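Data block for final_31.pdb (PDB, C-alpha atoms):
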MODEL        1
ATOM      1  CA  MET A  17      33.182 108.129 -18.141
ATOM      2  CA  GLN A  18      31.518 104.845 -19.065
ATOM      3  CA  THR A  19      28.785 105.205 -21.695
ATOM      4  CA  GLN A  20      25.494 103.353 -21.578
ATOM      5  CA  ARG A  21      23.643 102.016 -24.600
ATOM      6  CA  LEU A  22      19.946 102.602 -25.219
ATOM      7  CA  GLN A  23      18.188  99.463 -26.473
ATOM      8  CA  ARG A  24      14.714  99.784 -27.988
ATOM      9  CA  LEU A  25      12.301  96.927 -27.249
ATOM     10  CA  SER A  26       9.124  98.590 -28.565
ATOM     11  CA  ASP A  27       7.731 102.047 -29.299
ATOM     12  CA  ASN A  28       7.202 102.620 -25.581
ATOM     13  CA  VAL A  29       9.847 100.484 -23.866
ATOM     14  CA  TYR A  30      13.609 101.000 -23.804
ATOM     15  CA  VAL A  31      16.493  99.710 -21.702
ATOM     16  CA  VAL A  32      19.569 101.688 -20.758
ATOM     17  CA  ILE A  33      22.115  98.870 -20.674
ATOM     18  CA  GLY A  34      24.640  99.094 -17.837
ATOM     19  CA  ARG A  35      25.989  97.292 -14.794
ATOM     20  CA  THR A  36      22.471  97.783 -13.473
ATOM     21  CA  ASN A  37      20.014  97.941 -16.364
ATOM     22  CA  ALA A  38      17.547 100.837 -16.250
ATOM     23  CA  GLY A  39      14.109 100.598 -17.821
ATOM     24  CA  VAL A  40      12.487 103.470 -19.680
ATOM     25  CA  LEU A  41       8.697 103.420 -20.062
ATOM     26  CA  VAL A  42       7.331 105.999 -22.504
ATOM     27  CA  ILE A  43       3.945 107.333 -21.408
ATOM     28  CA  ASP A  44       1.611 110.066 -22.633
ATOM     29  CA  ASN A  45       2.591 113.694 -23.180
ATOM     30  CA  ASN A  46       6.205 112.959 -24.107
ATOM     31  CA  GLU A  47       7.021 111.750 -20.603
ATOM     32  CA  CYS A  48       8.796 108.665 -19.320
ATOM     33  CA  VAL A  49       9.189 106.588 -16.187
ATOM     34  CA  ILE A  50      12.643 105.263 -15.315
ATOM     35  CA  ILE A  51      13.012 101.893 -13.588
ATOM     36  CA  ASP A  52      16.049 101.912 -11.245
ATOM     37  CA  THR A  53      18.911 104.386 -11.445
ATOM     38  CA  GLY A  54      22.207 102.570 -10.828
ATOM     39  CA  ILE A  55      24.739 102.941  -8.048
ATOM     40  CA  ASP A  56      25.676 106.633  -8.003
ATOM     41  CA  GLU A  57      25.304 110.104  -9.509
ATOM     42  CA  ASP A  58      27.369 109.090 -12.540
ATOM     43  CA  SER A  59      24.850 106.319 -13.215
ATOM     44  CA  GLY A  60      22.046 108.874 -13.075
ATOM     45  CA  ARG A  61      23.895 111.155 -15.515
ATOM     46  CA  ARG A  62      24.493 108.292 -17.930
ATOM     47  CA  ILE A  63      20.809 107.378 -17.901
ATOM     48  CA  LEU A  64      19.770 110.980 -18.591
ATOM     49  CA  ASN A  65      22.347 111.265 -21.385
ATOM     50  CA  ALA A  66      21.236 107.954 -22.914
ATOM     51  CA  ILE A  67      17.583 108.998 -23.125
ATOM     52  CA  LYS A  68      18.303 112.554 -24.306
ATOM     53  CA  PRO A  69      17.674 111.642 -28.002
ATOM     54  CA  LEU A  70      14.145 110.537 -27.049
ATOM     55  CA  ASN A  71      13.321 114.110 -25.955
ATOM     56  CA  LEU A  72      11.233 112.929 -23.006
ATOM     57  CA  ARG A  73      10.557 114.526 -19.638
ATOM     58  CA  VAL A  74      11.252 112.202 -16.713
ATOM     59  CA  ARG A  75       7.996 112.088 -14.784
ATOM     60  CA  ALA A  76       8.809 109.377 -12.253
ATOM     61  CA  ILE A  77      11.349 106.855 -11.006
ATOM     62  CA  ILE A  78      10.391 103.342  -9.937
ATOM     63  CA  ASN A  79      12.790 101.602  -7.571
ATOM     64  CA  THR A  80      12.201  97.855  -7.814
ATOM     65  CA  HIS A  81      13.927  97.531  -4.428
ATOM     66  CA  HIS A  82      16.126  99.462  -2.059
ATOM     67  CA  HIS A  83      19.666  98.203  -2.734
ATOM     68  CA  ALA A  84      22.251 100.902  -3.389
ATOM     69  CA  ASP A  85      23.038  99.788  -6.938
ATOM     70  CA  HIS A  86      19.386 100.430  -7.867
ATOM     71  CA  ILE A  87      18.783 103.752  -6.114
ATOM     72  CA  GLY A  88      22.140 105.557  -6.297
ATOM     73  CA  GLY A  89      21.132 107.804  -9.214
ATOM     74  CA  ASN A  90      17.801 108.815  -7.672
ATOM     75  CA  ALA A  91      18.876 112.089  -6.095
ATOM     76  CA  LEU A  92      20.589 113.453  -9.201
ATOM     77  CA  ILE A  93      17.704 112.595 -11.525
ATOM     78  CA  VAL A  94      15.197 114.072  -9.058
ATOM     79  CA  LYS A  95      17.219 117.304  -8.851
ATOM     80  CA  ARG A  96      17.533 117.620 -12.622
ATOM     81  CA  SER A  97      14.034 116.565 -13.657
ATOM     82  CA  GLY A  98      11.733 117.056 -10.682
ATOM     83  CA  ALA A  99      10.704 113.384 -10.953
ATOM     84  CA  THR A 100       8.889 111.668  -8.092
ATOM     85  CA  VAL A 101      10.283 108.378  -6.748
ATOM     86  CA  TYR A 102       8.000 105.396  -6.140
ATOM     87  CA  ALA A 103       8.579 102.063  -4.371
ATOM     88  CA  THR A 104       6.757  99.475  -2.289
ATOM     89  CA  PRO A 105       5.883 100.200   1.355
ATOM     90  CA  GLU A 106       8.350  97.526   2.488
ATOM     91  CA  ASP A 107      11.328  99.100   0.714
ATOM     92  CA  LYS A 108      10.333 102.773   1.014
ATOM     93  CA  PRO A 109      12.023 103.391   4.422
ATOM     94  CA  PHE A 110      15.381 102.124   3.112
ATOM     95  CA  ILE A 111      15.253 104.454   0.085
ATOM     96  CA  GLU A 112      14.338 107.459   2.198
ATOM     97  CA  ARG A 113      16.928 106.593   4.879
ATOM     98  CA  PRO A 114      19.568 104.470   3.096
ATOM     99  CA  VAL A 115      21.721 104.201   6.236
ATOM    100  CA  LEU A 116      19.280 101.439   7.213
ATOM    101  CA  GLU A 117      20.963  99.016   4.801
ATOM    102  CA  PRO A 118      24.474  99.083   6.331
ATOM    103  CA  LEU A 119      22.776  99.329   9.733
ATOM    104  CA  TYR A 120      20.919  96.026   9.404
ATOM    105  CA  LEU A 121      23.907  94.282   7.830
ATOM    106  CA  PHE A 122      26.241  95.424  10.632
ATOM    107  CA  GLY A 123      23.687  94.914  13.397
ATOM    108  CA  SER A 124      24.142  98.387  14.883
ATOM    109  CA  PHE A 125      24.766 101.917  13.661
ATOM    110  CA  PRO A 126      27.427 101.312  10.981
ATOM    111  CA  PRO A 127      31.026 102.581  11.036
ATOM    112  CA  LYS A 128      32.099 105.035   8.336
ATOM    113  CA  LEU A 129      33.907 102.302   6.368
ATOM    114  CA  LEU A 130      30.494 100.777   5.551
ATOM    115  CA  ARG A 131      28.812 104.082   4.711
ATOM    116  CA  THR A 132      29.935 104.194   1.082
ATOM    117  CA  LYS A 133      28.002 104.095  -2.182
ATOM    118  CA  LEU A 134      28.278 100.290  -2.186
ATOM    119  CA  LEU A 135      25.714 100.147   0.614
ATOM    120  CA  GLU A 136      24.345 103.654   1.177
ATOM    121  CA  ALA A 137      22.964 106.041  -1.435
ATOM    122  CA  GLU A 138      21.568 109.541  -0.967
ATOM    123  CA  GLY A 139      18.036 109.400   0.369
ATOM    124  CA  VAL A 140      14.986 110.836  -1.418
ATOM    125  CA  VAL A 141      11.302 111.154  -0.606
ATOM    126  CA  VAL A 142       9.316 108.129  -1.818
ATOM    127  CA  ARG A 143       5.645 107.649  -2.664
ATOM    128  CA  ASP A 144       3.689 104.397  -2.773
ATOM    129  CA  LEU A 145       4.219 102.545  -6.060
ATOM    130  CA  ASP A 146       0.544 101.689  -6.269
ATOM    131  CA  ASP A 147      -0.283 105.386  -6.779
ATOM    132  CA  LEU A 148       1.809 105.486  -9.967
ATOM    133  CA  ARG A 149       0.513 102.117 -11.147
ATOM    134  CA  ARG A 150      -3.045 103.468 -11.125
ATOM    135  CA  GLU A 151      -1.977 106.575 -13.076
ATOM    136  CA  VAL A 152       0.241 104.917 -15.707
ATOM    137  CA  GLY A 153      -1.167 101.410 -16.051
ATOM    138  CA  PHE A 154       1.857  99.122 -15.728
ATOM    139  CA  GLU A 155       1.676  95.772 -13.927
ATOM    140  CA  VAL A 156       3.446  95.154 -10.623
ATOM    141  CA  MET A 157       4.660  91.606  -9.961
ATOM    142  CA  PRO A 158       5.617  91.008  -6.292
ATOM    143  CA  LEU A 159       8.987  89.214  -6.161
ATOM    144  CA  PRO A 160       9.986  89.210  -2.470
ATOM    145  CA  GLY A 161      13.096  87.435  -1.240
ATOM    146  CA  HIS A 162      16.037  89.498  -2.436
ATOM    147  CA  THR A 163      14.455  92.233  -0.337
ATOM    148  CA  MET A 164      11.130  92.022   1.453
ATOM    149  CA  GLY A 165       9.333  94.305  -0.990
ATOM    150  CA  MET A 166      11.072  93.769  -4.325
ATOM    151  CA  VAL A 167       8.855  93.837  -7.423
ATOM    152  CA  GLY A 168       9.017  93.224 -11.130
ATOM    153  CA  ILE A 169       7.454  95.730 -13.521
ATOM    154  CA  ALA A 170       5.601  94.742 -16.707
ATOM    155  CA  TYR A 171       4.741  97.232 -19.427
ATOM    156  CA  GLY A 172       3.579  96.300 -22.886
ATOM    157  CA  ASN A 173       5.680  93.419 -24.223
ATOM    158  CA  THR A 174       8.385  93.598 -21.536
ATOM    159  CA  LEU A 175       8.900  92.327 -17.991
ATOM    160  CA  PHE A 176      11.606  93.883 -15.813
ATOM    161  CA  THR A 177      12.570  91.297 -13.184
ATOM    162  CA  ALA A 178      14.891  93.323 -10.882
ATOM    163  CA  ASP A 179      17.234  91.012  -8.930
ATOM    164  CA  ALA A 180      14.918  88.001  -8.810
ATOM    165  CA  PHE A 181      17.521  86.019 -10.760
ATOM    166  CA  PHE A 182      21.159  86.451 -11.760
ATOM    167  CA  PRO A 183      23.281  85.453 -14.775
ATOM    168  CA  VAL A 184      24.538  81.882 -14.897
ATOM    169  CA  ASP A 185      28.198  82.953 -14.663
ATOM    170  CA  VAL A 186      27.442  84.778 -11.400
ATOM    171  CA  ILE A 187      25.676  81.702 -10.021
ATOM    172  CA  ARG A 188      28.600  79.446 -10.930
ATOM    173  CA  LYS A 189      31.134  81.854  -9.453
ATOM    174  CA  TYR A 190      29.396  82.534  -6.128
ATOM    175  CA  GLY A 191      27.200  79.477  -5.555
ATOM    176  CA  ALA A 192      24.112  81.599  -5.002
ATOM    177  CA  PRO A 193      23.872  85.388  -4.898
ATOM    178  CA  TYR A 194      22.458  87.511  -2.106
ATOM    179  CA  HIS A 195      18.889  87.063  -0.877
ATOM    180  CA  LEU A 196      17.531  88.404   2.396
ATOM    181  CA  ASN A 197      15.006  85.560   2.551
ATOM    182  CA  ALA A 198      16.085  82.585   0.444
ATOM    183  CA  GLY A 199      12.817  80.696   0.945
ATOM    184  CA  LEU A 200      10.766  83.624  -0.354
ATOM    185  CA  ALA A 201      13.233  84.117  -3.223
ATOM    186  CA  LEU A 202      12.671  80.497  -4.257
ATOM    187  CA  GLU A 203       8.894  80.989  -4.280
ATOM    188  CA  SER A 204       9.304  84.147  -6.386
ATOM    189  CA  LEU A 205      11.499  82.305  -8.894
ATOM    190  CA  ARG A 206       8.915  79.561  -9.295
ATOM    191  CA  LYS A 207       6.184  82.131  -9.868
ATOM    192  CA  LEU A 208       8.399  84.025 -12.300
ATOM    193  CA  SER A 209       9.149  80.867 -14.281
ATOM    194  CA  GLU A 210       5.433  80.492 -14.956
ATOM    195  CA  GLY A 211       4.855  84.186 -15.671
ATOM    196  CA  VAL A 212       7.614  85.162 -18.114
ATOM    197  CA  THR A 213       5.980  83.421 -21.088
ATOM    198  CA  ARG A 214       3.396  86.218 -21.234
ATOM    199  CA  TYR A 215       6.055  88.647 -22.485
ATOM    200  CA  GLU A 216       8.250  89.057 -25.531
ATOM    201  CA  TYR A 217      11.246  90.376 -23.568
ATOM    202  CA  VAL A 218      12.554  89.721 -20.072
ATOM    203  CA  VAL A 219      14.961  92.282 -18.604
ATOM    204  CA  PRO A 220      16.944  91.285 -15.515
ATOM    205  CA  ALA A 221      18.675  94.058 -13.589
ATOM    206  CA  HIS A 222      22.050  92.482 -14.345
ATOM    207  CA  GLY A 223      22.829  90.777 -17.643
ATOM    208  CA  ASP A 224      21.404  90.662 -21.143
ATOM    209  CA  VAL A 225      17.838  91.237 -22.299
ATOM    210  CA  MET A 226      16.321  87.797 -22.877
ATOM    211  CA  LYS A 227      13.566  85.944 -24.634
ATOM    212  CA  PRO A 228      11.222  84.052 -22.250
ATOM    213  CA  GLN A 229      12.670  80.554 -22.814
ATOM    214  CA  ASP A 230      16.203  81.787 -22.218
ATOM    215  CA  ALA A 231      14.992  83.481 -19.051
ATOM    216  CA  ILE A 232      13.343  80.257 -17.870
ATOM    217  CA  ASN A 233      16.623  78.394 -18.332
ATOM    218  CA  VAL A 234      18.482  80.955 -16.201
ATOM    219  CA  ILE A 235      15.688  81.016 -13.610
ATOM    220  CA  ASN A 236      15.999  77.231 -13.287
ATOM    221  CA  GLU A 237      19.747  77.610 -12.710
ATOM    222  CA  ASN A 238      18.945  80.054  -9.897
ATOM    223  CA  ILE A 239      16.384  77.665  -8.412
ATOM    224  CA  ASN A 240      18.915  74.822  -8.487
ATOM    225  CA  ALA A 241      21.551  77.045  -6.880
ATOM    226  CA  ILE A 242      19.263  77.930  -3.973
ATOM    227  CA  ASN A 243      18.370  74.268  -3.414
ATOM    228  CA  ARG A 244      22.058  73.266  -3.552
ATOM    229  CA  LEU A 245      23.050  75.923  -1.050
ATOM    230  CA  ARG A 246      20.274  74.898   1.321
ATOM    231  CA  GLU A 247      21.595  71.330   1.244
ATOM    232  CA  LEU A 248      25.177  72.561   1.685
ATOM    233  CA  VAL A 249      24.237  74.502   4.813
ATOM    234  CA  LEU A 250      22.411  71.521   6.286
ATOM    235  CA  SER A 251      25.233  69.100   5.470
ATOM    236  CA  ASN A 252      27.734  71.320   7.323
ATOM    237  CA  VAL A 253      25.852  70.925  10.607
ATOM    238  CA  ASN A 254      26.529  67.315  11.581
ATOM    239  CA  ASP A 255      25.731  67.828  15.267
ATOM    240  CA  GLN A 256      26.285  71.377  16.465
ATOM    241  CA  VAL A 257      28.572  74.244  15.478
ATOM    242  CA  VAL A 258      29.253  77.816  16.553
ATOM    243  CA  LEU A 259      27.359  80.128  14.189
ATOM    244  CA  GLU A 260      30.368  82.170  13.086
ATOM    245  CA  ASP A 261      32.414  78.991  12.574
ATOM    246  CA  LEU A 262      29.627  77.682  10.357
ATOM    247  CA  ILE A 263      29.751  80.871   8.277
ATOM    248  CA  VAL A 264      33.516  80.411   7.762
ATOM    249  CA  LYS A 265      33.041  76.743   6.794
ATOM    250  CA  LEU A 266      30.372  77.613   4.263
ATOM    251  CA  LEU A 267      32.407  80.427   2.701
ATOM    252  CA  SER A 268      35.334  78.029   2.336
ATOM    253  CA  SER A 269      33.103  75.319   0.826
ATOM    254  CA  LEU A 270      31.821  77.852  -1.715
ATOM    255  CA  GLY A 271      35.344  79.000  -2.557
ATOM    256  CA  ILE A 272      34.535  82.582  -1.565
ATOM    257  CA  ASN A 273      37.488  84.742  -0.513
ATOM    258  CA  ILE A 274      36.324  87.789   1.401
ATOM    259  CA  ASP A 275      38.251  90.950   0.561
ATOM    260  CA  SER A 276      36.344  93.606   2.528
ATOM    261  CA  PRO A 277      34.033  94.033   5.545
ATOM    262  CA  HIS A 278      31.241  94.970   3.134
ATOM    263  CA  ASN A 279      31.592  91.675   1.216
ATOM    264  CA  TYR A 280      31.797  89.685   4.444
ATOM    265  CA  LEU A 281      28.589  91.192   5.789
ATOM    266  CA  LEU A 282      26.697  90.635   2.530
ATOM    267  CA  ASN A 283      27.792  86.993   2.302
ATOM    268  CA  ARG A 284      27.135  86.431   5.998
ATOM    269  CA  SER A 285      23.641  87.881   5.642
ATOM    270  CA  ALA A 286      22.936  85.660   2.639
ATOM    271  CA  LEU A 287      24.038  82.530   4.511
ATOM    272  CA  LEU A 288      22.056  83.520   7.601
ATOM    273  CA  SER A 289      18.920  83.520   5.453
ATOM    274  CA  TYR A 290      19.447  79.802   4.762
ATOM    275  CA  ILE A 291      20.130  79.043   8.427
ATOM    276  CA  ALA A 292      16.924  80.880   9.381
ATOM    277  CA  TRP A 293      14.990  79.024   6.651
ATOM    278  CA  LEU A 294      16.203  75.636   7.875
ATOM    279  CA  ALA A 295      15.431  76.605  11.470
ATOM    280  CA  ASP A 296      11.893  77.648  10.526
ATOM    281  CA  ASP A 297      11.474  74.300   8.734
ATOM    282  CA  GLY A 298      12.444  72.478  11.948
ATOM    283  CA  LEU A 299      15.748  71.075  10.639
ATOM    284  CA  LEU A 300      18.085  73.279  12.703
ATOM    285  CA  THR A 301      17.930  75.010  16.065
ATOM    286  CA  ILE A 302      19.734  78.166  17.179
ATOM    287  CA  ASN A 303      20.599  78.574  20.863
ATOM    288  CA  ALA A 304      22.854  80.729  23.031
ATOM    289  CA  VAL A 305      25.413  78.586  24.888
ATOM    290  CA  GLY A 306      28.547  79.875  26.636
ATOM    291  CA  ASN A 307      28.125  83.384  25.238
ATOM    292  CA  ARG A 308      28.013  82.051  21.673
ATOM    293  CA  LEU A 309      25.257  81.231  19.224
ATOM    294  CA  ILE A 310      25.170  77.504  18.522
ATOM    295  CA  VAL A 311      23.506  75.984  15.471
ATOM    296  CA  SER A 312      22.405  72.361  16.005
ATOM    297  CA  ARG A 313      21.001  69.655  13.756
ATOM    298  CA  VAL A 314      17.562  68.426  14.804
ATOM    299  CA  LYS A 315      17.690  64.674  15.464
ATOM    300  CA  ARG A 316      15.043  62.632  13.709
TER     301      ARG A 316
ENDMDL
END
What is this structure when it is put down as structure tokens?
Amino acid sequence: MQTQRLQRLSDNVYVVIGRTNAGVLVIDNNECVIIDTGIDEDSGRRILNAIKPLNLRVRAIINTHHHADHIGGNALIVKRSGATVYATPEDKPFIERPVLEPLYLFGSFPPKLLRTKLLEAEGVVVRDLDDLRREVGFEVMPLPGHTMGMVGIAYGNTLFTADAFFPVDVIRKYGAPYHLNAGLALESLRKLSEGVTRYEYVVPAHGDVMKPQDAINVINENINAINRLRELVLSNVNDQVVLEDLIVKLLSSLGINIDSPHNYLLNRSALLSYIAWLADDGLLTINAVGNRLIVSRVKR
């Protein structure tokens, strides 16, 4: 079993380093709040084992957003500790009924091949994050785009930024990672770039703990990647093109080789967010012609 390392950032803030980093906020009465729980029960076990030397009771879990790699350890930690799970109202339904994620990606009730831990965790009851914020006193930073209700969490000297930005090597490999609403994600990145200087440490969900200036550099790479991909989508619609043909063209241009239905649907969803953004900005239109969706360039 993979081990996870506990990194201390202050007397009351720790990070359990893993494929998805988990935050640990130490609060009164020898209790803690965990931020995100990884992709499965094993992730939940590793988090509990990592914090065992701290001798803390897990009072609550914060899910920064509803994706499976952030909520997969919820059920196990809840069963073992009695913790309550908190999230935003926008993401709460997906954490309580995780089948909604493969459902919206597939466009209908999903086949069994999509109902794996990569997309669907075990559901748990969720309370409104604002209730816990009032009790504990952390700061919630809205960072919509990756999901509609994603947030960052600030506590003491540390800001946890969820999936608002991704490591540079991921950006260079994939062009731009997944966002449900790329336009909103861009706005969140710009806000984050201004806000990270208030903290000593910045903790993305994936990658190393950073100092603010290093985080700003990576955030700027993410901003540039979103702008490049927007231009790439627009440049691939010279006149008009069948929507699914456009998706294939864009995947080829990005050098992405799809190896599973799950990866196809995630990449398709990400690209659709750019097509929707450009349509809302009046640069593209989407119409049904001959039983196909046609994307057209708006003539100016």
Residue nearest Asn240 in chain A - candidates A:His81, A:Ala192, A:Asn45, A:Val156, atoms counted: all atoms listed in the file
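Closest to Asn240 in chain A of all the choices is A:Ala192.
Those residues that approach range 38-40 of chain A to within 8 Å, counting only C-alpha atoms, are Asn28, Val29, Tyr30, Val31, Val32, Ile33, Gly34, Cys48, Val49, Ile50, Ile51, Asp52, Thr53, Gly54, Ile63, Phe176 and Ala221 of chain A; same-chain residues fewer than 4 positions away are not listed.
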Evaluating the PyMOL selection byres ((chain A and resi 122-125) around 12) on the displayed file yields which residues, as a PyMOL selection string? chain A and resi 115-121+126-131+135+277-285
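Here the question is which of A:Phe154, A:Ala76, A:Thr132, A:Gly165 gets nearest to Pro105 in chain A using all atoms listed in the file, and that residue is A:Gly165.
Here CA of Val141 in chain A stands at a distance of 22.3 Å from CA of Asn37 in chain A.
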Residue neighbourhood His86 in chain A, 12 Å, all atoms listed in the file, exclusion window fewer than 4 positions, as an mmCIF file with C-alpha atoms, in the coordinates of the input:
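Everything below was put into selection05.cif:
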data_model
loop_
_atom_site.group_PDB
_atom_site.id
_atom_site.type_symbol
_atom_site.label_atom_id
_atom_site.label_comp_id
_atom_site.auth_asym_id
_atom_site.auth_seq_id
_atom_site.Cartn_x
_atom_site.Cartn_y
_atom_site.Cartn_z
ATOM 1 C CA GLY A 34 24.640 99.094 -17.837
ATOM 2 C CA ARG A 35 25.989 97.292 -14.794
ATOM 3 C CA THR A 36 22.471 97.783 -13.473
ATOM 4 C CA ASN A 37 20.014 97.941 -16.364
ATOM 5 C CA ALA A 38 17.547 100.837 -16.250
ATOM 6 C CA GLY A 39 14.109 100.598 -17.821
ATOM 7 C CA ILE A 50 12.643 105.263 -15.315
ATOM 8 C CA ILE A 51 13.012 101.893 -13.588
ATOM 9 C CA ASP A 52 16.049 101.912 -11.245
ATOM 10 C CA THR A 53 18.911 104.386 -11.445
ATOM 11 C CA GLY A 54 22.207 102.570 -10.828
ATOM 12 C CA ILE A 55 24.739 102.941 -8.048
ATOM 13 C CA ASP A 56 25.676 106.633 -8.003
ATOM 14 C CA GLU A 57 25.304 110.104 -9.509
ATOM 15 C CA SER A 59 24.850 106.319 -13.215
ATOM 16 C CA GLY A 60 22.046 108.874 -13.075
ATOM 17 C CA ILE A 77 11.349 106.855 -11.006
ATOM 18 C CA ILE A 78 10.391 103.342 -9.937
ATOM 19 C CA ASN A 79 12.790 101.602 -7.571
ATOM 20 C CA THR A 80 12.201 97.855 -7.814
ATOM 21 C CA HIS A 81 13.927 97.531 -4.428
ATOM 22 C CA HIS A 82 16.126 99.462 -2.059
ATOM 23 C CA ASN A 90 17.801 108.815 -7.672
ATOM 24 C CA ALA A 91 18.876 112.089 -6.095
ATOM 25 C CA ALA A 103 8.579 102.063 -4.371
ATOM 26 C CA ASP A 107 11.328 99.100 0.714
ATOM 27 C CA PHE A 110 15.381 102.124 3.112
ATOM 28 C CA ILE A 111 15.253 104.454 0.085
ATOM 29 C CA PRO A 114 19.568 104.470 3.096
ATOM 30 C CA LYS A 133 28.002 104.095 -2.182
ATOM 31 C CA LEU A 134 28.278 100.290 -2.186
ATOM 32 C CA LEU A 135 25.714 100.147 0.614
ATOM 33 C CA GLU A 136 24.345 103.654 1.177
ATOM 34 C CA ALA A 137 22.964 106.041 -1.435
ATOM 35 C CA GLU A 138 21.568 109.541 -0.967
ATOM 36 C CA MET A 166 11.072 93.769 -4.325
ATOM 37 C CA ALA A 178 14.891 93.323 -10.882
ATOM 38 C CA ASP A 179 17.234 91.012 -8.930
ATOM 39 C CA ALA A 221 18.675 94.058 -13.589
ATOM 40 C CA HIS A 222 22.050 92.482 -14.345
#
With the PyMOL selection byres ((chain A and resi 219) around 7) as the selection, what would be picked from this file? Answer as a compact mmCIF listing (two decimals) with C-alpha atoms, in the frame of the given file, please.
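Produced file part_39.txt, reproduced below:
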# COMPACT_ATOMS: atom_id res chain seq x y z
CA LEU A 175 8.90 92.33 -17.99
CA PHE A 176 11.61 93.88 -15.81
CA THR A 177 12.57 91.30 -13.18
CA TYR A 217 11.25 90.38 -23.57
CA VAL A 218 12.55 89.72 -20.07
CA PRO A 220 16.94 91.28 -15.52
CA ALA A 221 18.68 94.06 -13.59
CA VAL A 225 17.84 91.24 -22.30
CA MET A 226 16.32 87.80 -22.88
Shell around Ala66 in chain A at 9 Å using only C-alpha atoms, local window under 3 positions removed, as an mmCIF file with C-alpha atoms, keeping the file's coordinate frame:
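Written file, part08.cif:
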data_model
loop_
_atom_site.group_PDB
_atom_site.id
_atom_site.type_symbol
_atom_site.label_atom_id
_atom_site.label_comp_id
_atom_site.auth_asym_id
_atom_site.auth_seq_id
_atom_site.Cartn_x
_atom_site.Cartn_y
_atom_site.Cartn_z
ATOM 1 C CA THR A 19 28.785 105.205 -21.695
ATOM 2 C CA GLN A 20 25.494 103.353 -21.578
ATOM 3 C CA ARG A 21 23.643 102.016 -24.600
ATOM 4 C CA LEU A 22 19.946 102.602 -25.219
ATOM 5 C CA VAL A 32 19.569 101.688 -20.758
ATOM 6 C CA ARG A 61 23.895 111.155 -15.515
ATOM 7 C CA ARG A 62 24.493 108.292 -17.930
ATOM 8 C CA ILE A 63 20.809 107.378 -17.901
ATOM 9 C CA PRO A 69 17.674 111.642 -28.002
ATOM 10 C CA LEU A 70 14.145 110.537 -27.049
#
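With distances taken over all atoms listed in the file, A:Asn197 is the one residue among A:Ser312, A:Ser276, A:Asn65, A:Asn197 lying closest to Trp293 in chain A.
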Practice problem: Please provide the set of residues having any atom within 12 Å of Asn46 in chain A, restricted to only C-alpha atoms, with same-chain residues fewer than 6 positions apart removed, written as a PyMOL selection string. | Solution: chain A and resi 28+70-75
note - CA of His195 in chain A and CA of Asn236 in chain A are separated by 16.1 Å
Exercise for review: For each of A:Val184, A:Val253, A:Ala99, A:Leu259, take the minimum atom-to-atom distance to Ile232 in chain A, counting all atoms listed in the file, then give the residue where this is smallest.
Suggested key: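 The shortest atom-to-atom distance to Ile232 in chain A comes from A:Val184.
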- At what distance in Å, to one decimal, does CA of Gly298 in chain A lie from CA of Arg316 in chain A?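 Going from CA of Arg316 in chain A over to CA of Gly298 in chain A, I get 10.3 Å.
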- Query: Could you tell me, as a PyMOL selection string, which residues have any atom at most 8 Å from (18.7, 78.5, -3.6), counting all atoms listed in the file?
  - Reply: chain A and resi 192+198-199+201-202+238-246
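With all atoms listed in the file as the atoms that count, the minimum distance from Ser209 in chain A to the choices A:Glu112, A:Glu237, A:Glu47, A:Glu260 is reached by A:Glu237.
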Centre and edges of the range 303-313 of chain A box, axis-aligned, 8 Å extra per side, as AutoDock Vina command-line options:
--center_x 24.6 --center_y 76.5 --center_z 20.2 --size_x 23.9 --size_y 29.7 --size_z 28.9
Picked residues, the PyMOL selection byres ((chain A and resi 211) around 12), as a PyMOL selection string: chain A and resi 157-159+168+170+174-177+204-210+212-218+228-229+231-232+235
Between A:Ile310, A:Gly223, A:Ile187, A:Val101, smallest distance to Asp261 in chain A by all atoms listed in the file belongs to A:Ile310
>> (25.7, 76.1, 13.0) in this file's frame - what residues fall within 9 Å of it? Use only C-alpha atoms and give the answer as a list in words.
In response: Val249, Leu250, Asn252, Val253, Asn254, Asp255, Gln256, Val257, Val258, Leu259, Glu260, Asp261, Leu262, Ile263, Ile291, Leu300, Thr301, Ile302, Leu309, Ile310, Val311, Ser312 and Arg313 of chain A
